[in-house]
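Engineer: Structure file input.cif (mmCIF, C-alpha atoms) right here:
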```cif
data_protein
loop_
_atom_site.group_PDB
_atom_site.id
_atom_site.type_symbol
_atom_site.label_atom_id
_atom_site.label_comp_id
_atom_site.auth_asym_id
_atom_site.auth_seq_id
_atom_site.Cartn_x
_atom_site.Cartn_y
_atom_site.Cartn_z
ATOM 1 C CA MET B 1 -32.610 -2.678 -51.877
ATOM 2 C CA ILE B 2 -31.955 0.768 -50.346
ATOM 3 C CA ALA B 3 -34.153 1.557 -47.346
ATOM 4 C CA LYS B 4 -36.468 4.514 -47.683
ATOM 5 C CA LYS B 5 -35.215 7.441 -45.617
ATOM 6 C CA THR B 6 -37.885 8.150 -43.003
ATOM 7 C CA PHE B 7 -36.018 9.744 -40.086
ATOM 8 C CA ILE B 8 -33.571 12.612 -39.798
ATOM 9 C CA SER B 9 -30.173 11.628 -38.461
ATOM 10 C CA PRO B 10 -29.495 12.633 -34.830
ATOM 11 C CA LYS B 11 -25.815 12.702 -35.830
ATOM 12 C CA VAL B 12 -26.418 16.015 -37.630
ATOM 13 C CA TYR B 13 -25.999 18.856 -35.135
ATOM 14 C CA PHE B 14 -29.236 20.675 -35.952
ATOM 15 C CA ALA B 15 -31.276 17.458 -35.903
ATOM 16 C CA PHE B 16 -29.678 16.436 -32.602
ATOM 17 C CA LYS B 17 -30.778 19.710 -31.005
ATOM 18 C CA LYS B 18 -34.277 19.409 -32.462
ATOM 19 C CA ILE B 19 -34.691 15.926 -30.950
ATOM 20 C CA PHE B 20 -32.998 16.423 -27.577
ATOM 21 C CA GLY B 21 -33.259 20.169 -27.028
ATOM 22 C CA SER B 22 -36.752 21.278 -28.076
ATOM 23 C CA ASP B 23 -39.555 22.511 -25.822
ATOM 24 C CA GLN B 24 -41.132 19.036 -25.940
ATOM 25 C CA SER B 25 -37.863 17.152 -25.311
ATOM 26 C CA GLU B 26 -37.698 17.156 -21.491
ATOM 27 C CA ASP B 27 -38.703 13.509 -21.003
ATOM 28 C CA ILE B 28 -36.486 12.468 -23.926
ATOM 29 C CA LEU B 29 -33.463 14.188 -22.411
ATOM 30 C CA ILE B 30 -34.222 12.797 -18.938
ATOM 31 C CA SER B 31 -34.339 9.226 -20.281
ATOM 32 C CA PHE B 32 -31.134 9.707 -22.267
ATOM 33 C CA LEU B 33 -29.202 11.248 -19.347
ATOM 34 C CA ASN B 34 -30.438 8.667 -16.821
ATOM 35 C CA ALA B 35 -29.218 5.950 -19.209
ATOM 36 C CA ILE B 36 -25.817 7.436 -20.083
ATOM 37 C CA VAL B 37 -24.839 9.417 -16.979
ATOM 38 C CA TYR B 38 -26.560 7.526 -14.170
ATOM 39 C CA ASN B 39 -26.312 3.904 -15.327
ATOM 40 C CA GLU B 40 -30.073 3.662 -15.945
ATOM 41 C CA GLU B 41 -31.045 4.715 -12.427
ATOM 42 C CA SER B 42 -33.943 7.192 -12.290
ATOM 43 C CA VAL B 43 -31.855 9.942 -10.727
ATOM 44 C CA ILE B 44 -33.333 12.735 -12.855
ATOM 45 C CA SER B 45 -37.057 13.379 -12.709
ATOM 46 C CA ARG B 46 -37.113 16.956 -13.975
ATOM 47 C CA CYS B 47 -34.882 19.231 -16.018
ATOM 48 C CA THR B 48 -35.049 22.598 -17.749
ATOM 49 C CA ILE B 49 -33.646 22.901 -21.259
ATOM 50 C CA VAL B 50 -31.702 26.137 -21.695
ATOM 51 C CA ASN B 51 -32.416 28.090 -24.900
ATOM 52 C CA PRO B 52 -34.534 25.312 -26.440
ATOM 53 C CA TYR B 53 -34.838 24.976 -30.195
ATOM 54 C CA LYS B 54 -38.182 26.208 -31.473
ATOM 55 C CA PRO B 55 -39.758 25.913 -34.930
ATOM 56 C CA GLY B 56 -39.106 29.061 -36.914
ATOM 57 C CA GLN B 57 -35.510 29.486 -35.729
ATOM 58 C CA ILE B 58 -34.140 28.131 -38.962
ATOM 59 C CA GLU B 59 -33.274 31.582 -40.293
ATOM 60 C CA THR B 60 -30.908 32.276 -37.412
ATOM 61 C CA LEU B 61 -29.594 28.761 -37.048
ATOM 62 C CA LYS B 62 -26.068 29.667 -38.165
ATOM 63 C CA ASP B 63 -25.754 31.992 -35.189
ATOM 64 C CA SER B 64 -27.373 29.760 -32.592
ATOM 65 C CA SER B 65 -25.768 27.271 -30.212
ATOM 66 C CA LEU B 66 -25.916 23.762 -31.591
ATOM 67 C CA ASP B 67 -25.254 21.996 -28.325
ATOM 68 C CA VAL B 68 -27.946 21.057 -25.811
ATOM 69 C CA ARG B 69 -27.817 22.588 -22.352
ATOM 70 C CA ALA B 70 -30.007 21.756 -19.402
ATOM 71 C CA VAL B 71 -30.336 22.360 -15.680
ATOM 72 C CA LEU B 72 -31.388 19.339 -13.603
ATOM 73 C CA GLN B 73 -33.737 19.552 -10.628
ATOM 74 C CA SER B 74 -30.640 19.174 -8.418
ATOM 75 C CA GLY B 75 -29.184 22.323 -9.967
ATOM 76 C CA ASP B 76 -26.511 20.395 -11.875
ATOM 77 C CA MET B 77 -25.614 21.955 -15.223
ATOM 78 C CA VAL B 78 -25.437 19.590 -18.217
ATOM 79 C CA LEU B 79 -23.812 20.276 -21.579
ATOM 80 C CA ILE B 80 -24.466 17.715 -24.339
ATOM 81 C CA LYS B 81 -22.688 17.877 -27.683
ATOM 82 C CA ILE B 82 -22.162 15.597 -30.656
ATOM 83 C CA GLN B 83 -18.924 15.826 -32.662
ATOM 84 C CA MET B 84 -18.718 14.281 -36.111
ATOM 85 C CA ALA B 85 -15.072 15.135 -36.830
ATOM 86 C CA ARG B 86 -11.919 15.216 -34.728
ATOM 87 C CA VAL B 87 -10.771 18.758 -34.033
ATOM 88 C CA SER B 88 -7.488 20.130 -32.772
ATOM 89 C CA ALA B 89 -7.133 19.825 -28.978
ATOM 90 C CA SER B 90 -10.436 17.933 -28.638
ATOM 91 C CA HIS B 91 -9.762 17.013 -25.005
ATOM 92 C CA LYS B 92 -8.866 20.581 -24.031
ATOM 93 C CA ARG B 93 -11.922 21.955 -25.838
ATOM 94 C CA VAL B 94 -14.298 19.746 -23.812
ATOM 95 C CA ILE B 95 -12.636 20.728 -20.530
ATOM 96 C CA TYR B 96 -12.674 24.421 -21.460
ATOM 97 C CA ASN B 97 -16.372 24.408 -22.359
ATOM 98 C CA THR B 98 -17.276 22.500 -19.193
ATOM 99 C CA CYS B 99 -15.293 24.883 -16.994
ATOM 100 C CA LYS B 100 -16.911 27.842 -18.758
ATOM 101 C CA VAL B 101 -20.389 26.486 -17.976
ATOM 102 C CA TYR B 102 -19.309 25.926 -14.357
ATOM 103 C CA ALA B 103 -17.675 29.331 -13.850
ATOM 104 C CA ASN B 104 -20.393 31.338 -15.593
ATOM 105 C CA GLN B 105 -22.855 30.450 -12.842
ATOM 106 C CA LEU B 106 -21.363 33.187 -10.639
ATOM 107 C CA SER B 107 -20.622 36.845 -10.920
ATOM 108 C CA SER B 108 -17.484 38.080 -9.162
ATOM 109 C CA ALA B 109 -19.471 39.134 -6.084
ATOM 110 C CA GLU B 110 -21.293 35.857 -5.494
ATOM 111 C CA ASN B 111 -20.478 33.032 -3.088
ATOM 112 C CA TYR B 112 -18.769 29.828 -4.247
ATOM 113 C CA LEU B 113 -21.339 27.840 -2.283
ATOM 114 C CA MET B 114 -23.834 28.752 -4.993
ATOM 115 C CA LEU B 115 -21.931 26.730 -7.599
ATOM 116 C CA SER B 116 -23.591 23.563 -8.894
ATOM 117 C CA PRO B 117 -21.758 20.671 -10.568
ATOM 118 C CA ALA B 118 -21.230 20.728 -14.326
ATOM 119 C CA ILE B 119 -21.540 17.581 -16.439
ATOM 120 C CA ALA B 120 -20.352 17.378 -20.053
ATOM 121 C CA VAL B 121 -21.686 14.568 -22.239
ATOM 122 C CA THR B 122 -19.843 14.401 -25.569
ATOM 123 C CA LEU B 123 -20.818 11.954 -28.302
ATOM 124 C CA THR B 124 -18.042 11.443 -30.851
ATOM 125 C CA TYR B 125 -18.139 9.850 -34.278
ATOM 126 C CA PHE B 126 -14.441 9.096 -34.058
ATOM 127 C CA ILE B 127 -12.197 7.205 -31.633
ATOM 128 C CA LEU B 128 -11.010 9.512 -28.879
ATOM 129 C CA PHE B 129 -9.495 6.883 -26.549
ATOM 130 C CA PRO B 130 -7.702 4.327 -28.743
ATOM 131 C CA LYS B 131 -6.338 2.292 -25.812
ATOM 132 C CA SER B 132 -9.771 1.492 -24.354
ATOM 133 C CA PRO B 133 -12.419 -0.726 -26.000
ATOM 134 C CA LYS B 134 -15.285 0.821 -23.999
ATOM 135 C CA VAL B 135 -18.099 2.762 -25.642
ATOM 136 C CA ILE B 136 -18.864 5.024 -22.662
ATOM 137 C CA HIS B 137 -16.066 6.696 -20.696
ATOM 138 C CA LYS B 138 -16.613 8.604 -17.441
ATOM 139 C CA PHE B 139 -14.067 10.871 -15.761
ATOM 140 C CA GLN B 140 -13.978 12.823 -12.513
ATOM 141 C CA PHE B 141 -11.327 13.945 -10.017
ATOM 142 C CA LYS B 142 -9.647 11.095 -8.131
ATOM 143 C CA ASP B 143 -6.585 10.674 -5.938
ATOM 144 C CA GLU B 144 -3.538 9.617 -7.940
ATOM 145 C CA GLU B 145 -2.467 6.871 -5.532
ATOM 146 C CA ASP B 146 -5.582 5.221 -4.124
ATOM 147 C CA SER B 147 -8.229 6.434 -6.633
ATOM 148 C CA SER B 148 -10.367 7.879 -3.842
ATOM 149 C CA GLU B 149 -12.870 10.385 -5.167
ATOM 150 C CA TYR B 150 -12.597 14.133 -4.627
ATOM 151 C CA PRO B 151 -15.158 15.219 -1.988
ATOM 152 C CA GLU B 152 -17.166 17.290 -4.476
ATOM 153 C CA ARG B 153 -18.270 15.867 -7.832
ATOM 154 C CA GLU B 154 -18.100 19.311 -9.384
ATOM 155 C CA LEU B 155 -16.884 18.419 -12.866
ATOM 156 C CA GLN B 156 -17.739 15.222 -14.745
ATOM 157 C CA LEU B 157 -16.689 14.420 -18.284
ATOM 158 C CA ILE B 158 -18.587 11.666 -20.102
ATOM 159 C CA PHE B 159 -17.800 10.503 -23.629
ATOM 160 C CA VAL B 160 -19.726 8.148 -25.904
ATOM 161 C CA GLU B 161 -17.620 6.809 -28.796
ATOM 162 C CA LEU B 162 -20.249 5.934 -31.384
ATOM 163 C CA PRO B 163 -17.929 3.985 -33.754
ATOM 164 C CA ARG B 164 -17.200 1.462 -30.989
ATOM 165 C CA PHE B 165 -20.870 0.551 -30.652
ATOM 166 C CA GLU B 166 -21.428 -2.451 -32.927
ATOM 167 C CA LYS B 167 -24.347 -4.274 -31.297
ATOM 168 C CA GLU B 168 -27.104 -5.508 -33.555
ATOM 169 C CA LEU B 169 -30.737 -4.713 -32.869
ATOM 170 C CA LYS B 170 -31.478 -8.136 -31.381
ATOM 171 C CA ASN B 171 -28.611 -7.761 -28.877
ATOM 172 C CA LEU B 172 -29.647 -4.462 -27.305
ATOM 173 C CA ASN B 173 -29.849 -5.160 -23.584
ATOM 174 C CA SER B 174 -29.765 -1.840 -21.779
ATOM 175 C CA LEU B 175 -31.447 1.530 -22.147
ATOM 176 C CA ALA B 176 -28.039 3.007 -22.976
ATOM 177 C CA ASP B 177 -27.673 0.446 -25.785
ATOM 178 C CA LYS B 178 -31.035 1.458 -27.220
ATOM 179 C CA TRP B 179 -30.314 5.182 -27.127
ATOM 180 C CA ILE B 180 -26.915 4.773 -28.775
ATOM 181 C CA TYR B 181 -28.383 2.477 -31.433
ATOM 182 C CA PHE B 182 -31.135 5.029 -32.123
ATOM 183 C CA ILE B 183 -28.616 7.850 -32.529
ATOM 184 C CA LYS B 184 -26.421 5.789 -34.875
ATOM 185 C CA GLN B 185 -29.070 4.052 -36.948
ATOM 186 C CA ALA B 186 -32.212 6.239 -37.013
ATOM 187 C CA SER B 187 -31.544 7.663 -40.468
ATOM 188 C CA LYS B 188 -31.265 4.124 -41.901
ATOM 189 C CA LEU B 189 -34.587 2.890 -40.527
ATOM 190 C CA GLU B 190 -37.943 2.812 -42.278
ATOM 191 C CA GLU B 191 -39.737 2.473 -38.947
ATOM 192 C CA ILE B 192 -38.752 2.251 -35.296
ATOM 193 C CA PRO B 193 -38.286 -1.409 -34.233
ATOM 194 C CA GLU B 194 -40.514 -2.749 -31.478
ATOM 195 C CA ASN B 195 -37.747 -3.114 -28.888
ATOM 196 C CA LEU B 196 -36.896 0.591 -29.321
ATOM 197 C CA GLY B 197 -40.491 1.800 -29.581
ATOM 198 C CA GLU B 198 -41.372 0.147 -26.276
ATOM 199 C CA ILE B 199 -39.298 2.883 -24.603
ATOM 200 C CA ALA B 200 -41.706 5.829 -24.445
ATOM 201 C CA ALA B 201 -38.952 8.463 -24.692
ATOM 202 C CA ILE B 202 -37.381 6.806 -27.753
ATOM 203 C CA GLU B 203 -40.795 6.471 -29.370
ATOM 204 C CA LYS B 204 -41.338 10.200 -28.811
ATOM 205 C CA ALA B 205 -37.842 10.995 -30.127
ATOM 206 C CA SER B 206 -38.597 8.983 -33.256
ATOM 207 C CA LYS B 207 -41.740 11.034 -33.864
ATOM 208 C CA ILE B 208 -39.731 14.260 -33.637
ATOM 209 C CA ALA B 209 -37.126 12.709 -35.940
ATOM 210 C CA LYS B 210 -39.658 11.788 -38.623
ATOM 211 C CA LEU B 211 -38.954 13.686 -41.821
ATOM 212 C CA ALA B 212 -42.701 14.053 -42.289
ATOM 213 C CA ASN B 213 -42.808 16.177 -39.128
ATOM 214 C CA THR B 214 -40.197 18.680 -40.286
ATOM 215 C CA THR B 215 -40.877 21.848 -42.196
ATOM 216 C CA VAL B 216 -39.523 22.207 -45.724
ATOM 217 C CA GLU B 217 -36.906 24.648 -44.401
ATOM 218 C CA GLU B 218 -35.838 22.268 -41.629
ATOM 219 C CA ALA B 219 -35.567 19.303 -43.999
ATOM 220 C CA GLU B 220 -33.459 21.345 -46.393
ATOM 221 C CA GLU B 221 -31.190 22.542 -43.568
ATOM 222 C CA ILE B 222 -30.735 19.007 -42.228
ATOM 223 C CA SER B 223 -29.852 17.720 -45.675
ATOM 224 C CA ARG B 224 -27.496 20.619 -46.327
ATOM 225 C CA ARG B 225 -25.637 20.181 -43.043
ATOM 226 C CA ALA B 226 -25.315 16.422 -43.503
ATOM 227 C CA MET B 227 -23.949 16.811 -47.025
ATOM 228 C CA GLN B 228 -21.752 19.819 -46.343
ATOM 229 C CA LEU B 229 -19.271 18.091 -44.079
ATOM 230 C CA GLN B 230 -19.125 14.987 -46.276
ATOM 231 C CA ASP B 231 -18.561 17.083 -49.419
ATOM 232 C CA GLU B 232 -15.663 18.969 -47.925
ATOM 233 C CA ILE B 233 -14.099 15.812 -46.509
ATOM 234 C CA GLY B 234 -14.457 14.255 -49.957
ATOM 235 C CA ARG B 235 -12.647 17.184 -51.551
ATOM 236 C CA ILE B 236 -9.823 16.901 -49.058
ATOM 237 C CA GLN B 237 -9.501 13.167 -49.704
ATOM 238 C CA TYR B 238 -9.503 13.797 -53.460
ATOM 239 C CA ALA B 239 -6.686 16.286 -53.099
ATOM 240 C CA ARG B 240 -4.675 13.775 -51.091
ATOM 241 C CA GLU B 241 -5.326 10.914 -53.514
ATOM 242 C CA GLU B 242 -4.287 13.033 -56.480
ATOM 243 C CA GLY B 243 -1.044 13.736 -54.670
ATOM 244 C CA ARG B 244 -1.078 17.478 -55.288
ATOM 245 C CA LYS B 245 2.192 18.704 -53.858
ATOM 246 C CA GLU B 246 2.569 22.076 -55.535
ATOM 247 C CA GLY B 247 0.152 24.657 -54.263
ATOM 248 C CA ILE B 248 -1.737 22.260 -51.991
ATOM 249 C CA ILE B 249 -1.356 24.536 -48.968
ATOM 250 C CA ASP B 250 -2.853 27.385 -51.022
ATOM 251 C CA TRP B 251 -5.771 25.132 -51.927
ATOM 252 C CA TYR B 252 -6.383 24.253 -48.270
ATOM 253 C CA ARG B 253 -6.074 27.888 -47.218
ATOM 254 C CA ALA B 254 -8.555 29.012 -49.880
ATOM 255 C CA LEU B 255 -10.983 26.238 -48.864
ATOM 256 C CA ALA B 256 -10.730 27.188 -45.184
ATOM 257 C CA MET B 257 -11.368 30.857 -45.939
ATOM 258 C CA ARG B 258 -14.329 30.042 -48.173
ATOM 259 C CA LEU B 259 -15.946 27.843 -45.505
ATOM 260 C CA LEU B 260 -15.344 30.412 -42.768
ATOM 261 C CA LYS B 261 -16.923 33.186 -44.829
ATOM 262 C CA LYS B 262 -19.916 30.999 -45.616
ATOM 263 C CA ARG B 263 -20.369 30.253 -41.915
ATOM 264 C CA PHE B 264 -19.606 33.664 -40.366
ATOM 265 C CA GLY B 265 -19.629 36.250 -43.170
ATOM 266 C CA GLU B 266 -16.785 38.720 -43.619
ATOM 267 C CA LEU B 267 -13.811 38.034 -41.354
ATOM 268 C CA THR B 268 -11.650 40.485 -39.454
ATOM 269 C CA ALA B 269 -8.098 41.318 -40.513
ATOM 270 C CA GLU B 270 -6.874 39.523 -37.367
ATOM 271 C CA ILE B 271 -8.588 36.264 -38.336
ATOM 272 C CA ASN B 272 -7.412 36.533 -41.949
ATOM 273 C CA SER B 273 -3.833 37.009 -40.761
ATOM 274 C CA LYS B 274 -3.999 34.058 -38.345
ATOM 275 C CA VAL B 275 -5.446 31.717 -41.005
ATOM 276 C CA GLU B 276 -2.816 32.849 -43.550
ATOM 277 C CA SER B 277 -0.048 31.812 -41.137
ATOM 278 C CA LEU B 278 -1.360 28.281 -40.454
ATOM 279 C CA SER B 279 0.619 25.242 -41.519
ATOM 280 C CA LEU B 280 -0.845 22.573 -43.800
ATOM 281 C CA SER B 281 -1.666 20.264 -40.891
ATOM 282 C CA ASP B 282 -3.301 23.128 -38.970
ATOM 283 C CA LEU B 283 -5.359 24.094 -42.024
ATOM 284 C CA GLU B 284 -6.577 20.495 -42.310
ATOM 285 C CA ALA B 285 -7.534 20.576 -38.614
ATOM 286 C CA LEU B 286 -9.289 23.923 -39.061
ATOM 287 C CA ILE B 287 -11.399 22.606 -41.947
ATOM 288 C CA ASP B 288 -12.459 19.643 -39.808
ATOM 289 C CA ALA B 289 -13.224 21.980 -36.884
ATOM 290 C CA ILE B 290 -15.263 24.635 -38.696
ATOM 291 C CA PHE B 291 -18.561 22.813 -38.206
ATOM 292 C CA GLU B 292 -17.901 22.594 -34.466
ATOM 293 C CA PHE B 293 -17.631 26.371 -34.003
ATOM 294 C CA ASP B 294 -20.747 28.105 -32.725
ATOM 295 C CA SER B 295 -19.347 31.646 -32.944
ATOM 296 C CA LEU B 296 -16.361 33.741 -34.024
ATOM 297 C CA GLU B 297 -15.248 33.607 -30.387
ATOM 298 C CA ASP B 298 -14.885 29.825 -30.688
ATOM 299 C CA LEU B 299 -12.841 30.291 -33.876
ATOM 300 C CA LEU B 300 -10.523 32.797 -32.187
ATOM 301 C CA ASP B 301 -10.106 30.482 -29.185
ATOM 302 C CA TRP B 302 -9.129 27.659 -31.548
ATOM 303 C CA LEU B 303 -6.646 29.854 -33.440
ATOM 304 C CA SER B 304 -5.109 31.003 -30.156
ATOM 305 C CA GLU B 305 -4.659 27.384 -29.045
ATOM 306 C CA VAL B 306 -2.854 26.585 -32.298
ATOM 307 C CA GLU B 307 -0.555 29.589 -31.832
ATOM 308 C CA SER B 308 0.369 28.554 -28.268
ATOM 309 C CA PRO B 309 3.655 26.635 -27.995
#
```
What is this structure when it is put down as structure tokens?
Structural biologist:
Amino acid sequence: MIAKKTFISPKVYFAFKKIFGSDQSEDILISFLNAIVYNEESVISRCTIVNPYKPGQIETLKDSSLDVRAVLQSGDMVLIKIQMARVSASHKRVIYNTCKVYANQLSSAENYLMLSPAIAVTLTYFILFPKSPKVIHKFQFKDEEDSSEYPERELQLIFVELPRFEKELKNLNSLADKWIYFIKQASKLEEIPENLGEIAAIEKASKIAKLANTTVEEAEEISRRAMQLQDEIGRIQYAREEGRKEGIIDWYRALAMRLLKKRFGELTAEINSKVESLSLSDLEALIDAIFEFDSLEDLLDWLSEVESP
């Protein structure tokens, strides 16, 4: 028997921002960050969500940022993003975005003492670190020989590999376990289980995630975004299975251009030229990456990375 779909999936970018980055999401985000970043210690008591999602933004959603950004009461900057598909230079992309958040705090005339640490939390639906069995990975600057920490914790990179999390509901021990389970399984649940609902922030997140609480436009957008990536991946897999050798690069190029135009409208001659020159493997990577781009600037950055030797 197929379970009735009651909740939107936090794995869809738009839904993730609605749950964790809305005006009413402060306590949800605090609970999630305390669990994932601070090992369940109540380090964060307040935060401000930057550019929060608000009902009625659906018409401009294509042009809006689909990550969640917040400033903690300490001044620390936090960037939270979920990635469904592996993209070219994934590691470099996370570092670049984190450094951009860090550097953009200052104008050229301001003092470096005004800089606050930047923390990037990236949830992936693919394996990013194949040599490690851990679900949560945390990185910061350390000495190469004795692993002593750099005096300032200015940049922290935290990754949550969702595919590695295989715990069943009855075996959820920590708050981090419960948040990761909620993110992975919410769309498959008919109701929130008691051991998740007892966490006030997860209970509130589940209410935001209820399909009944979304507008018709939001529900349609969530469904469209969830299906869009799967449809295109399915087409790519079909092409591979059929073993199309002749003209396959043309097919990939045409698919990439069609998706880019749907996402960003008419493209510049520069972008058209760069896409035309991509190899088959780069075109495959571009198709996977399209749904990660928030703007044409992100697309150009990606194309420039591919061009670099």
Engineer: Counting all atoms listed in the file, which of B:Asn195, B:Ser31, B:Gln156, B:Asn51 gets nearest to Ile95 of chain B?
Structural biologist: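 The closest residue to Ile95 of chain B is B:Gln156.
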Engineer: Atom CA of Lys92 of chain B and atom CA of Leu267 of chain B are how many Å apart?
Structural biologist: 25.1 Å
Engineer: Kindly give the distance, in Å, that separates atom CA of Ile271 of chain B and atom CA of Leu259 of chain B, rounded to a single decimal.
Structural biologist: 13.3 Å
Engineer: Taking all atoms listed in the file into account, name the residue in B:Phe182, B:Tyr150, B:Tyr112, B:Phe159 that is nearest to Phe16 of chain B.
Structural biologist: B:Phe182
Engineer: The PyMOL selection byres ((chain B and resi 306) around 12) - which residues does that actually catch in the file I just gave you? List them as a list of chain:residue names.
Structural biologist: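 Evaluating the PyMOL selection byres ((chain B and resi 306) around 12) on this file yields B:Val87, B:Ser88, B:Ala89, B:Lys92, B:Lys274, B:Val275, B:Ser277, B:Leu278, B:Ser279, B:Ser281, B:Asp282, B:Leu283, B:Ala285, B:Leu286, B:Leu299, B:Leu300, B:Asp301, B:Trp302, B:Leu303, B:Ser304, B:Glu305, B:Glu307, B:Ser308, B:Pro309.
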Engineer: What would the selection look like, as a ChimeraX atom specification, if the PyMOL selection byres ((chain B and resi 155) around 7) were run on the coordinates I just shared?
Structural biologist: /B:117-119,140,153-154,156-157
Engineer: Where does the PyMOL selection byres ((chain B and resi 170) around 12) land in this file, that is, which residues does it pick, as a list in words?
Structural biologist: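 Checking the PyMOL selection byres ((chain B and resi 170) around 12) against this file, the residues are Glu166, Lys167, Glu168, Leu169, Asn171, Leu172, Asn173, Ser174, Asp177, Lys178, Tyr181, Pro193, Glu194, Asn195 and Leu196 of chain B.
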Engineer: Between atom CA of Ser74 of chain B and atom CA of Glu203 of chain B, what is the distance in Å, rounded to a tenth?
Structural biologist: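 So the two atoms, atom CA of Ser74 of chain B and atom CA of Glu203 of chain B, lie 26.5 Å apart.
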Engineer: Determine the nearest neighbour of Val68 of chain B from the options B:Leu123, B:Ala256, B:Leu113, B:Leu175, counting only C-alpha atoms.
Structural biologist: B:Leu123
Engineer: Could you tell me, as an NGL selection string, which residues have any atom at most 10 Å from (-34.2, 14.4, -19.3), counting only C-alpha atoms?
Structural biologist: :B and (20-21 or 25-35 or 43-49 or 70-72 or 201)
Engineer: Would you output that residue set with C-alpha atoms, as an mmCIF file, in the frame of the given file?
Structural biologist:
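Okay, part_38.cif is ready:
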```cif
data_model
loop_
_atom_site.group_PDB
_atom_site.id
_atom_site.type_symbol
_atom_site.label_atom_id
_atom_site.label_comp_id
_atom_site.auth_asym_id
_atom_site.auth_seq_id
_atom_site.Cartn_x
_atom_site.Cartn_y
_atom_site.Cartn_z
ATOM 1 C CA PHE B 20 -32.998 16.423 -27.577
ATOM 2 C CA GLY B 21 -33.259 20.169 -27.028
ATOM 3 C CA SER B 25 -37.863 17.152 -25.311
ATOM 4 C CA GLU B 26 -37.698 17.156 -21.491
ATOM 5 C CA ASP B 27 -38.703 13.509 -21.003
ATOM 6 C CA ILE B 28 -36.486 12.468 -23.926
ATOM 7 C CA LEU B 29 -33.463 14.188 -22.411
ATOM 8 C CA ILE B 30 -34.222 12.797 -18.938
ATOM 9 C CA SER B 31 -34.339 9.226 -20.281
ATOM 10 C CA PHE B 32 -31.134 9.707 -22.267
ATOM 11 C CA LEU B 33 -29.202 11.248 -19.347
ATOM 12 C CA ASN B 34 -30.438 8.667 -16.821
ATOM 13 C CA ALA B 35 -29.218 5.950 -19.209
ATOM 14 C CA VAL B 43 -31.855 9.942 -10.727
ATOM 15 C CA ILE B 44 -33.333 12.735 -12.855
ATOM 16 C CA SER B 45 -37.057 13.379 -12.709
ATOM 17 C CA ARG B 46 -37.113 16.956 -13.975
ATOM 18 C CA CYS B 47 -34.882 19.231 -16.018
ATOM 19 C CA THR B 48 -35.049 22.598 -17.749
ATOM 20 C CA ILE B 49 -33.646 22.901 -21.259
ATOM 21 C CA ALA B 70 -30.007 21.756 -19.402
ATOM 22 C CA VAL B 71 -30.336 22.360 -15.680
ATOM 23 C CA LEU B 72 -31.388 19.339 -13.603
ATOM 24 C CA ALA B 201 -38.952 8.463 -24.692
#
```
Engineer: Within 6 Å of (-24.6, 21.5, -26.1) (file coordinates; all atoms listed in the file), which protein or nucleic acid residues are there? I'd like them as an MDAnalysis selection string.
Structural biologist: chainID B and resid 67:69 79:81
Engineer: Enclose segment 262-273 of chain B, meaning all of its atoms listed in the file, in a box aligned along x, y and z, pad it by 5 Å on each side, and list the centre and edge lengths in Å to one decimal, as lines of an AutoDock Vina configuration file.
Structural biologist:
```
center_x = -12.1
center_y = 35.8
center_z = -41.5
size_x = 26.5
size_y = 21.1
size_z = 18.2
```
Engineer: Within 7 Å of Ile8 of chain B, counting all atoms listed in the file, which residues show up once you throw out same-chain ones fewer than 5 positions away? Write them as number ranges by chain, please.
Structural biologist: B: 15, 187, 209-211
Engineer: Hey, can you spit out that residue selection with C-alpha atoms as an mmCIF file, in the coordinates of the input?
Structural biologist:
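As a result, selection_25.cif now contains:
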```
data_model
loop_
_atom_site.group_PDB
_atom_site.id
_atom_site.type_symbol
_atom_site.label_atom_id
_atom_site.label_comp_id
_atom_site.auth_asym_id
_atom_site.auth_seq_id
_atom_site.Cartn_x
_atom_site.Cartn_y
_atom_site.Cartn_z
ATOM 1 C CA ALA B 15 -31.276 17.458 -35.903
ATOM 2 C CA SER B 187 -31.544 7.663 -40.468
ATOM 3 C CA ALA B 209 -37.126 12.709 -35.940
ATOM 4 C CA LYS B 210 -39.658 11.788 -38.623
ATOM 5 C CA LEU B 211 -38.954 13.686 -41.821
#
```
Engineer: For Phe7 of chain B, which residue among B:Val37, B:Thr122, B:Leu106, B:Lys188 is the nearest when counting only C-alpha atoms?
Structural biologist: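 Of all the options, B:Lys188 lies closest to Phe7 of chain B.
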Engineer: Closest to Lys204 of chain B among B:Arg263, B:Gln105, B:Glu40, B:Ile192, using all atoms listed in the file?
Structural biologist: B:Ile192
Engineer: Between B:Ile82, B:Val101, B:Val121, B:Ile290, which is the closest to Lys184 of chain B once you count only C-alpha atoms?
Structural biologist: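 Comparing B:Ile82, B:Val101, B:Val121, B:Ile290 against Lys184 of chain B, the winner is B:Ile82.
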